[in-house]
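**Student:** Sharing my_file36.pdb, PDB, C-alpha atoms:
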ATOM      1  CA  MET A  54     254.370 110.861 128.718
ATOM      2  CA  ALA A  55     255.879 113.563 126.534
ATOM      3  CA  SER A  56     254.740 117.104 127.040
ATOM      4  CA  LEU A  57     253.576 119.255 124.153
ATOM      5  CA  PRO A  58     256.004 121.946 122.996
ATOM      6  CA  ASP A  59     255.098 125.600 123.574
ATOM      7  CA  ASN A  60     255.131 126.275 119.818
ATOM      8  CA  PRO A  61     252.547 124.066 118.040
ATOM      9  CA  ASP A  62     254.350 124.614 114.708
ATOM     10  CA  ALA A  63     257.274 122.624 116.093
ATOM     11  CA  LEU A  64     255.069 119.593 116.679
ATOM     12  CA  TYR A  65     252.572 119.704 113.880
ATOM     13  CA  GLY A  66     254.442 121.009 110.877
ATOM     14  CA  ASP A  67     253.371 123.093 107.904
ATOM     15  CA  VAL A  68     250.573 120.911 106.499
ATOM     16  CA  ILE A  69     248.714 120.572 109.779
ATOM     17  CA  MET A  70     249.105 124.228 110.698
ATOM     18  CA  ASP A  71     248.003 125.343 107.219
ATOM     19  CA  HIS A  72     244.800 123.273 107.437
ATOM     20  CA  TYR A  73     244.205 124.489 110.994
ATOM     21  CA  ARG A  74     244.654 128.159 110.090
ATOM     22  CA  ARG A  75     242.842 127.926 106.730
ATOM     23  CA  PRO A  76     240.426 124.976 106.957
ATOM     24  CA  ARG A  77     238.886 123.881 103.684
ATOM     25  CA  HIS A  78     235.298 122.890 102.912
ATOM     26  CA  ARG A  79     233.726 124.231 106.146
ATOM     27  CA  ALA A  80     230.633 125.793 104.594
ATOM     28  CA  SER A  81     227.453 123.773 105.142
ATOM     29  CA  LEU A  82     225.922 122.163 102.074
ATOM     30  CA  SER A  83     222.387 123.224 101.149
ATOM     31  CA  TYR A  84     221.631 119.587 100.355
ATOM     32  CA  ALA A  85     223.467 116.525 101.632
ATOM     33  CA  ASP A  86     222.939 112.818 101.021
ATOM     34  CA  VAL A  87     224.977 111.974 104.100
ATOM     35  CA  GLU A  88     225.165 113.860 107.402
ATOM     36  CA  ALA A  89     226.881 112.798 110.596
ATOM     37  CA  GLU A  90     228.127 114.479 113.743
ATOM     38  CA  GLU A  91     230.450 113.192 116.435
ATOM     39  CA  PHE A  92     231.157 114.776 119.812
ATOM     40  CA  ASN A  93     233.794 114.018 122.425
ATOM     41  CA  PRO A  94     232.277 115.082 125.768
ATOM     42  CA  PHE A  95     235.636 114.781 127.559
ATOM     43  CA  CYS A  96     237.308 117.605 125.635
ATOM     44  CA  GLY A  97     234.444 119.304 123.785
ATOM     45  CA  ASP A  98     235.684 118.452 120.268
ATOM     46  CA  ARG A  99     232.924 118.207 117.671
ATOM     47  CA  ALA A 100     233.026 117.149 114.013
ATOM     48  CA  THR A 101     230.169 117.588 111.558
ATOM     49  CA  LEU A 102     230.345 116.039 108.105
ATOM     50  CA  GLN A 103     228.079 116.387 105.077
ATOM     51  CA  LEU A 104     228.477 114.629 101.722
ATOM     52  CA  ARG A 105     226.667 115.249  98.463
ATOM     53  CA  LEU A 106     226.833 112.249  96.159
ATOM     54  CA  SER A 107     226.542 111.921  92.430
ATOM     55  CA  HIS A 108     224.512 108.941  91.305
ATOM     56  CA  ALA A 109     225.492 107.887  87.772
ATOM     57  CA  ALA A 110     223.540 104.913  86.447
ATOM     58  CA  GLY A 111     225.563 101.728  86.637
ATOM     59  CA  HIS A 112     228.285 103.292  88.790
ATOM     60  CA  SER A 113     228.991 103.392  92.481
ATOM     61  CA  PRO A 114     227.996 106.746  94.045
ATOM     62  CA  SER A 115     230.880 109.199  94.185
ATOM     63  CA  ILE A 116     231.411 112.149  96.480
ATOM     64  CA  GLN A 117     230.619 115.318  94.594
ATOM     65  CA  ASP A 118     230.884 117.804  97.448
ATOM     66  CA  VAL A 119     231.981 117.785 101.096
ATOM     67  CA  SER A 120     231.474 119.925 104.153
ATOM     68  CA  ALA A 121     233.614 119.114 107.180
ATOM     69  CA  HIS A 122     233.293 121.449 110.139
ATOM     70  CA  ALA A 123     235.245 120.883 113.335
ATOM     71  CA  GLU A 124     235.268 122.676 116.663
ATOM     72  CA  GLY A 125     238.092 122.171 119.090
ATOM     73  CA  CYS A 126     241.843 121.852 118.937
ATOM     74  CA  SER A 127     244.133 122.385 115.966
ATOM     75  CA  ILE A 128     244.401 118.635 115.348
ATOM     76  CA  ILE A 129     240.668 118.002 114.899
ATOM     77  CA  GLN A 130     240.325 121.066 112.690
ATOM     78  CA  ALA A 131     243.278 120.077 110.492
ATOM     79  CA  SER A 132     242.085 116.472 110.311
ATOM     80  CA  ALA A 133     238.583 117.534 109.212
ATOM     81  CA  SER A 134     240.024 119.849 106.557
ATOM     82  CA  LEU A 135     242.396 117.179 105.243
ATOM     83  CA  LEU A 136     239.561 114.625 105.231
ATOM     84  CA  ALA A 137     237.405 116.941 103.124
ATOM     85  CA  ASP A 138     240.263 117.660 100.729
ATOM     86  CA  ASN A 139     240.759 113.944 100.197
ATOM     87  CA  LEU A 140     237.142 112.821  99.733
ATOM     88  CA  ARG A 141     235.981 114.799  96.700
ATOM     89  CA  GLY A 142     235.754 112.627  93.607
ATOM     90  CA  ARG A 143     236.139 109.326  95.477
ATOM     91  CA  THR A 144     233.495 106.637  95.418
ATOM     92  CA  VAL A 145     231.805 105.722  98.685
ATOM     93  CA  GLU A 146     233.880 102.504  98.745
ATOM     94  CA  GLN A 147     237.106 104.434  98.197
ATOM     95  CA  ALA A 148     236.156 106.801 101.028
ATOM     96  CA  ALA A 149     235.607 103.828 103.352
ATOM     97  CA  ASP A 150     238.974 102.368 102.308
ATOM     98  CA  LEU A 151     240.720 105.712 102.917
ATOM     99  CA  SER A 152     239.104 105.939 106.350
ATOM    100  CA  GLN A 153     240.404 102.484 107.279
ATOM    101  CA  LEU A 154     243.858 103.355 105.982
ATOM    102  CA  PHE A 155     243.908 106.550 108.051
ATOM    103  CA  ARG A 156     242.705 104.647 111.123
ATOM    104  CA  ASP A 157     245.512 102.105 110.598
ATOM    105  CA  LEU A 158     248.041 104.954 110.378
ATOM    106  CA  MET A 159     246.771 106.484 113.621
ATOM    107  CA  GLN A 160     246.884 103.092 115.357
ATOM    108  CA  GLY A 161     250.503 102.558 114.304
ATOM    109  CA  LYS A 162     249.863  99.596 112.047
ATOM    110  CA  PRO A 163     252.577  99.033 109.441
ATOM    111  CA  LEU A 164     251.515 100.374 106.042
ATOM    112  CA  PRO A 165     253.029  99.435 102.702
ATOM    113  CA  PRO A 166     254.603 102.303 100.707
ATOM    114  CA  VAL A 167     251.691 102.320  98.239
ATOM    115  CA  ALA A 168     249.286 102.935 101.157
ATOM    116  CA  LEU A 169     251.418 105.805 102.421
ATOM    117  CA  SER A 170     251.338 107.424  98.993
ATOM    118  CA  GLU A 171     247.524 107.014  98.919
ATOM    119  CA  LEU A 172     247.324 109.049 102.136
ATOM    120  CA  GLY A 173     249.233 111.991 100.659
ATOM    121  CA  ASP A 174     249.093 115.021 102.984
ATOM    122  CA  LEU A 175     247.090 113.003 105.528
ATOM    123  CA  GLY A 176     250.402 111.362 106.402
ATOM    124  CA  ALA A 177     251.393 114.624 108.127
ATOM    125  CA  LEU A 178     249.035 113.638 110.958
ATOM    126  CA  GLU A 179     251.194 110.590 111.745
ATOM    127  CA  VAL A 180     253.161 112.801 114.173
ATOM    128  CA  VAL A 181     250.054 112.864 116.401
ATOM    129  CA  ARG A 182     250.750 109.231 117.384
ATOM    130  CA  GLN A 183     253.606 110.516 119.547
ATOM    131  CA  TYR A 184     250.891 111.970 121.819
ATOM    132  CA  PRO A 185     248.323 109.166 122.272
ATOM    133  CA  VAL A 186     245.784 111.457 123.957
ATOM    134  CA  ARG A 187     245.618 113.462 120.689
ATOM    135  CA  VAL A 188     244.873 110.465 118.426
ATOM    136  CA  LYS A 189     241.168 110.718 119.287
ATOM    137  CA  CYS A 190     241.233 114.327 118.086
ATOM    138  CA  ALA A 191     242.602 113.278 114.711
ATOM    139  CA  LEU A 192     240.133 110.400 114.373
ATOM    140  CA  LEU A 193     236.896 112.178 115.344
ATOM    141  CA  PRO A 194     236.083 113.524 111.838
ATOM    142  CA  TRP A 195     236.782 110.070 110.460
ATOM    143  CA  VAL A 196     234.404 108.509 112.986
ATOM    144  CA  ALA A 197     231.766 110.915 111.635
ATOM    145  CA  LEU A 198     232.583 109.743 108.093
ATOM    146  CA  GLU A 199     232.299 106.090 109.112
ATOM    147  CA  GLU A 200     228.965 106.729 110.848
ATOM    148  CA  GLY A 201     227.660 108.618 107.812
ATOM    149  CA  LEU A 202     228.679 105.779 105.509
ATOM    150  CA  ARG A 203     226.988 103.246 107.826
ATOM    151  CA  LYS A 204     223.770 105.284 107.684
ATOM    152  CA  LEU A 205     224.041 105.450 103.912
ATOM    153  CA  GLY A 206     224.561 101.693 103.729
ATOM    154  CA  ARG A 207     221.514 101.036 105.900
ATOM    155  CA  ARG A 208     219.410 103.357 103.751
ATOM    156  CA  GLY A 209     220.666 101.680 100.594
ATOM    157  CA  ALA A 210     219.970  98.229 101.992
ATOM    158  CA  ALA A 211     216.444  99.355 102.905
ATOM    159  CA  GLY A 212     215.859 100.412  99.320
ATOM    160  CA  GLY A 213     216.233 104.148  99.493
TER     161      GLY A 213
END
Let me see whether you can do it: turn the structure in this file into structure tokens.
**Tutor:**
Amino acid sequence: MASLPDNPDALYGDVIMDHYRRPRHRASLSYADVEAEEFNPFCGDRATLQLRLSHAAGHSPSIQDVSAHAEGCSIIQASASLLADNLRGRTVEQAADLSQLFRDLMQGKPLPPVALSELGDLGALEVVRQYPVRVKCALLPWVALEEGLRKLGRRGAAGG
């Protein structure tokens, strides 16, 4: 197994280090339609996600505001920040599709060029695959998103 370099900038690059040093959308929302938290007891990483949705009649709910707070290594913090940057304005279905696309990237599945362009800056996290133990760090905020969307789906199916 490869060892991590002494300088994290050498491994992670500008996008990841920028989102680690200056994470976006960390402030808690005063009201959230969706809340989920995931915790990895083996390393102590924690990701908390809140979504506020807009409900326009006749349209699928879209994500109006996001809070993504992560505790732990630079990878989980950058991943949470990038997730939040990429969710605003998307419909719930588009968020679920983006989550699957990101999961596929992290699992090394071949992605068509159009999918890679859909990921945008999230593609910077592809480097994490070189260190399989770190993939869970990158995915934890996305697991919180998936859990939140499952809860939302169950609530919607139950009529409210």
**Student:** CA of Arg74 in chain A and CA of Leu140 in chain A, how far apart in Å?
**Tutor:** 20.0 Å
**Student:** Show me, as a list in words, the residues that have an atom within 12 Å of Arg187 in chain A when counting all atoms listed in the file, minus same-chain residues fewer than 2 positions from it.
**Tutor:**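 Residues near the query, excluding close chain neighbours: Ala55, Ser56, Leu57, Leu64, Tyr65, Asn93, Cys96, Asp98, Gly125, Cys126, Ser127, Ile128, Ile129, Ser132, Met159, Gln160, Leu178, Glu179, Val180, Val181, Arg182, Gln183, Tyr184, Pro185, Lys189, Cys190, Ala191, Leu192 and Leu193 of chain A.
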**Student:** Write to file, as a PDB file, in the frame of the given file, the residues of the selection just made, with C-alpha atoms.
**Tutor:**
ATOM      1  CA  ALA A  55     255.879 113.563 126.534  1.00  0.00           C
ATOM      2  CA  SER A  56     254.740 117.104 127.040  1.00  0.00           C
ATOM      3  CA  LEU A  57     253.576 119.255 124.153  1.00  0.00           C
ATOM      4  CA  LEU A  64     255.069 119.593 116.679  1.00  0.00           C
ATOM      5  CA  TYR A  65     252.572 119.704 113.880  1.00  0.00           C
ATOM      6  CA  ASN A  93     233.794 114.018 122.425  1.00  0.00           C
ATOM      7  CA  CYS A  96     237.308 117.605 125.635  1.00  0.00           C
ATOM      8  CA  ASP A  98     235.684 118.452 120.268  1.00  0.00           C
ATOM      9  CA  GLY A 125     238.092 122.171 119.090  1.00  0.00           C
ATOM     10  CA  CYS A 126     241.843 121.852 118.937  1.00  0.00           C
ATOM     11  CA  SER A 127     244.133 122.385 115.966  1.00  0.00           C
ATOM     12  CA  ILE A 128     244.401 118.635 115.348  1.00  0.00           C
ATOM     13  CA  ILE A 129     240.668 118.002 114.899  1.00  0.00           C
ATOM     14  CA  SER A 132     242.085 116.472 110.311  1.00  0.00           C
ATOM     15  CA  MET A 159     246.771 106.484 113.621  1.00  0.00           C
ATOM     16  CA  GLN A 160     246.884 103.092 115.357  1.00  0.00           C
ATOM     17  CA  LEU A 178     249.035 113.638 110.958  1.00  0.00           C
ATOM     18  CA  GLU A 179     251.194 110.590 111.745  1.00  0.00           C
ATOM     19  CA  VAL A 180     253.161 112.801 114.173  1.00  0.00           C
ATOM     20  CA  VAL A 181     250.054 112.864 116.401  1.00  0.00           C
ATOM     21  CA  ARG A 182     250.750 109.231 117.384  1.00  0.00           C
ATOM     22  CA  GLN A 183     253.606 110.516 119.547  1.00  0.00           C
ATOM     23  CA  TYR A 184     250.891 111.970 121.819  1.00  0.00           C
ATOM     24  CA  PRO A 185     248.323 109.166 122.272  1.00  0.00           C
ATOM     25  CA  LYS A 189     241.168 110.718 119.287  1.00  0.00           C
ATOM     26  CA  CYS A 190     241.233 114.327 118.086  1.00  0.00           C
ATOM     27  CA  ALA A 191     242.602 113.278 114.711  1.00  0.00           C
ATOM     28  CA  LEU A 192     240.133 110.400 114.373  1.00  0.00           C
ATOM     29  CA  LEU A 193     236.896 112.178 115.344  1.00  0.00           C
TER      30      LEU A 193
END
**Student:** Between A:Glu88, A:Leu104, A:His112, A:Ala168, single out the one closest to Asp150 in chain A, counting only C-alpha atoms.
**Tutor:**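 Among the listed residues, the smallest separation from Asp150 in chain A belongs to A:Ala168.
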**Student:** Which one of A:Ala121, A:Leu102, A:Val87, A:Val188 sits closest to Ser134 in chain A if you count all atoms listed in the file?
**Tutor:** A:Ala121
**Student:** Assuming the chain letters and numbering stay as they are in my file, what does the PyMOL selection byres ((chain A and resi 203) around 12) actually select? List them as number ranges by chain.
**Tutor:** A: 87-89, 145-146, 148-149, 196-202, 204-210
**Student:** Restore N, CA, C and O atoms in range 140-151 of chain A and list the result as a CSV table (one decimal), in the frame of the given file.
**Tutor:**
chain,number,residue,atom,x,y,z
A,140,LEU,N,238.3,113.6,100.1
A,140,LEU,CA,237.1,112.8,99.7
A,140,LEU,C,236.5,113.1,98.4
A,140,LEU,O,236.0,112.3,97.7
A,141,ARG,N,236.6,114.4,97.9
A,141,ARG,CA,236.0,114.8,96.7
A,141,ARG,C,236.5,113.9,95.5
A,141,ARG,O,237.6,113.7,95.3
A,142,GLY,N,235.5,113.4,94.8
A,142,GLY,CA,235.8,112.6,93.6
A,142,GLY,C,235.9,111.1,93.9
A,142,GLY,O,235.9,110.3,93.0
A,143,ARG,N,236.0,110.8,95.1
A,143,ARG,CA,236.1,109.3,95.5
A,143,ARG,C,234.8,108.7,95.5
A,143,ARG,O,233.8,109.3,95.8
A,144,THR,N,234.7,107.4,95.2
A,144,THR,CA,233.5,106.6,95.4
A,144,THR,C,233.3,106.4,96.9
A,144,THR,O,234.2,106.6,97.7
A,145,VAL,N,232.1,106.0,97.3
A,145,VAL,CA,231.8,105.7,98.7
A,145,VAL,C,232.7,104.6,99.2
A,145,VAL,O,233.3,104.7,100.3
A,146,GLU,N,233.0,103.6,98.4
A,146,GLU,CA,233.9,102.5,98.7
A,146,GLU,C,235.3,103.0,98.9
A,146,GLU,O,236.0,102.6,99.9
A,147,GLN,N,235.8,103.9,98.1
A,147,GLN,CA,237.1,104.4,98.2
A,147,GLN,C,237.2,105.3,99.5
A,147,GLN,O,238.3,105.3,100.1
A,148,ALA,N,236.2,106.0,99.8
A,148,ALA,CA,236.2,106.8,101.0
A,148,ALA,C,236.3,105.9,102.2
A,148,ALA,O,237.0,106.2,103.2
A,149,ALA,N,235.5,104.8,102.2
A,149,ALA,CA,235.6,103.8,103.4
A,149,ALA,C,237.0,103.2,103.5
A,149,ALA,O,237.6,103.1,104.6
A,150,ASP,N,237.6,102.9,102.3
A,150,ASP,CA,239.0,102.4,102.3
A,150,ASP,C,240.0,103.4,102.8
A,150,ASP,O,240.9,103.0,103.6
A,151,LEU,N,239.8,104.7,102.4
A,151,LEU,CA,240.7,105.7,102.9
A,151,LEU,C,240.6,105.9,104.4
A,151,LEU,O,241.6,106.1,105.1
